[in-house]
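Novice: Dumping the structure here so I can ask a few things about it.
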Amino acid sequence: MKAVITGRCKLSSRDVEAALTRLAAGFRQVRFVHSLEKLTVAAAGLVLDSAGLRGPCGKSDIGIFIGIDNSIEDLKDQFFSAILDQGMLGASPMVFPFTSPNSLAARVSIVYDIRGESITIPINHSGADVIKYATDCIEGKYIKMAVAGLITMKHMALSAEEGRYEAEFYFLEDDKSARERNAVIYDCL
Amino acid sequence: MRNPVVITGIGLVTPLRPFDGLQAFWEALCSGEDAIKRAPAPLLDTKKNWLMAGIDLSLRPPKDADPGNKLFVIAEAALSMALHNAGLRNATRPAPLTYSSLLNVGLVTGTVLGNVLLKESRLMDTGKGNPGDDNMESLSSLRSYLASKFELSGAGFTVSTACASGTDAVGIAARMIAAGKCDVMVAGGADVLSDFALLGFSVLQALTDDKVRPFDRKRTGLALGEGAAFVVLESLSHASARGAGIYGSVLGYASRADANHLTGPHREGRGLSEAMTAAISDAGLASADVGYINAHGTGTGYNDLMETKAIKNVFRKGAYEIPVSSTKSMLGHSFGAAGVIEAVCCLLAVRDGIIPPTINFTEKDPECDLDYVPNEARNHEIRTAMSLSAGFGGQNAALIVGKG
């Protein structure tokens, strides 16, 4: 069994509002706490679209594999800085859950009802480990399909609206499944 | 055909007898010793003594790790213990692996907050935001440090899947060996107590101000803990060839998402049920083969009820015959380390035929009606045990171990 790429999406946080308008109405109404969350959900929606899958999926044979670099530290800094500024009252119950790196994959799983394996991998520079592990899971028959990708900080000096973050996502599946559903195959892994 | 995977080394540093070794930890745990005490927050003056299970670094033997960096100190001690325990490292030499063929040992590390104490100190000192690339606050910095220190140059990465991080780390490493990608992997997890976590869980009203009482009718929440634990995994053929002692086998593993809520579990335990079912299938077992469950068992109202429902959903009537215990009642919740510590408890339970207890259990909850091994350890011969983890984001993982 070989894994193939049947969906792809590269999205800057600068372009996320426009991207959201391309998603189905139900997904456009999702409320967001942080720009990283919004970027991740939008990019996952676009990659599912690209693969010809319209959510909600409702399946446990689709996994989510997300690599994230130090952009997650922005959320931690936001949470703890508010405590330093305001004392215990500054501890936000809305922000705290997002300081756990898997919260972004979790939001994707919730919005698109993806119930399979969910693995978040902190990365420094290369996201190769993320794609490789997702591929291994497909080839090892632990899952059939995967949303796999990276969230990275592109320009520290910029705000989210100016393009601070970028998401690069792929939809992976085994080649047999791709052929059966006549999916466009962009690349083989 | 998958290669059988065995565990040949264990190392851990927990709030129970932190630097006294594996057997002292296990005996303390099985005697029901409670490591959860009141103490001030690590850095901030919150005018409160918090219930938590901390590790007293003054108990450790002198080491060369930076004494200011608790995460690295306990992780290094646990990893060193695991390698030595597996016969892969000479206790009297500082770093290199002594087994000459182990040039390609990999490392998978689970952590949720990583070097959070360093972040807290920096923000308190400078108030500046994200320090960017290649800094020691990075979640992957712990793995980089350990891999370099112990010359573990093989495959691997950091996993951060909330409270399932440690379980996922062991499961992922086992899969790599099972697939024939490598012969030896080290997997584990580590996290430390922090103001960050205390205040975060406090504001979510998840912390107890009483005893931690998993599955008890009067349970009121969890207590945070800290720790580090690592295991050495090998293909059976590799372990046999070098005559290694074997604690047990990793038989099955699965991860599943609830797809339900960011902080609360699915009320019927949908994701955890699916993780258990998939892990049992992965192990090629029937549900009746599972002899003990080390529960996630945090002591919160929602988790313990959800977990009970999930176990009943998978095991049906058989659920009432399986001992289920929560070692978090004694150790608190150590995030990324918890899953590995609990997998170790499963291995030792299988090895010794002893089930560690759920302490502070005084009153049965009519909705949590399984056998929670209340207050006293139990002699019980088993061949397989399952460790469960559930975390923020609806993250679920199940790991099954068995006799070697």
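Each chain of the structure tokens is named A, B, ... in the order shown, its residues numbered from 1; ligands are numbered from 1 in display order.
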Each residue of stretch 133-161 of chain A with at least one atom at most 6 Å from stretch 64-68 of chain A should appear once, together with its nearest atom pair and the corresponding distance in Å (one decimal); atoms considered: only C-alpha atoms; ordering: chain, then increasing residue number; output as CSV.
Specialist:
residue,atom,partner,partner_atom,distance
A:Ala146,CA,A:Ile64,CA,5.6
A:Val147,CA,A:Ile64,CA,4.9
A:Ala148,CA,A:Phe65,CA,4.6
A:Gly149,CA,A:Ile66,CA,5.2
A:Leu150,CA,A:Gly67,CA,4.6
A:Ile151,CA,A:Ile68,CA,4.8
Novice: Fewer than 3 positions away in the same chain doesn't count, so skip those; otherwise give me all residues within 7 Å of A:Pro122, counting only C-alpha atoms, as a ChimeraX atom specification.
Specialist: /A:67-69 /B:139-140,158-160
Novice: Please, what distance in Å, to one decimal, runs between atom CA of A:Leu11 and atom CA of B:Asn115?
Specialist: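 That distance, rounded to one decimal, is 29.6 Å.
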Novice: Among chain A, which residues carry a DSSP assignment of alpha helix (DSSP H), reported as a ChimeraX atom specification?
Specialist: /A:16-20,25-28,35-50,72-86,103-112,128-139,175-180
Novice: Compute the chain A side of the contact with chain B at 6 Å, counting only C-alpha atoms, and hand it back as a PyMOL selection string.
Specialist: chain A and resi 74+93+96+102-103+106+109-110+113+115-117+120-122
Novice: I'd like the contact shell of A:Phe169 - 12 Å cut-off, only C-alpha atoms, skipping same-chain residues fewer than 2 positions apart - returned as an MDAnalysis selection string.
Specialist: chainID A and resid 5:12 39:51 64:68 105 127 130:131 134 146:152 166:167 171:172
Novice: Between atom CA of A:Glu139 and atom CA of A:Lys2, what is the distance, to one decimal in Å?
Specialist: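 Spanning atom CA of A:Glu139 to atom CA of A:Lys2 is a straight-line distance of 6.2 Å.
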Novice: Work out how far atom CA of B:Leu107 is from atom CA of B:Leu152, in Å to one decimal.
Specialist: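 One can read the atom CA of B:Leu152 to atom CA of B:Leu107 distance as 6.6 Å.
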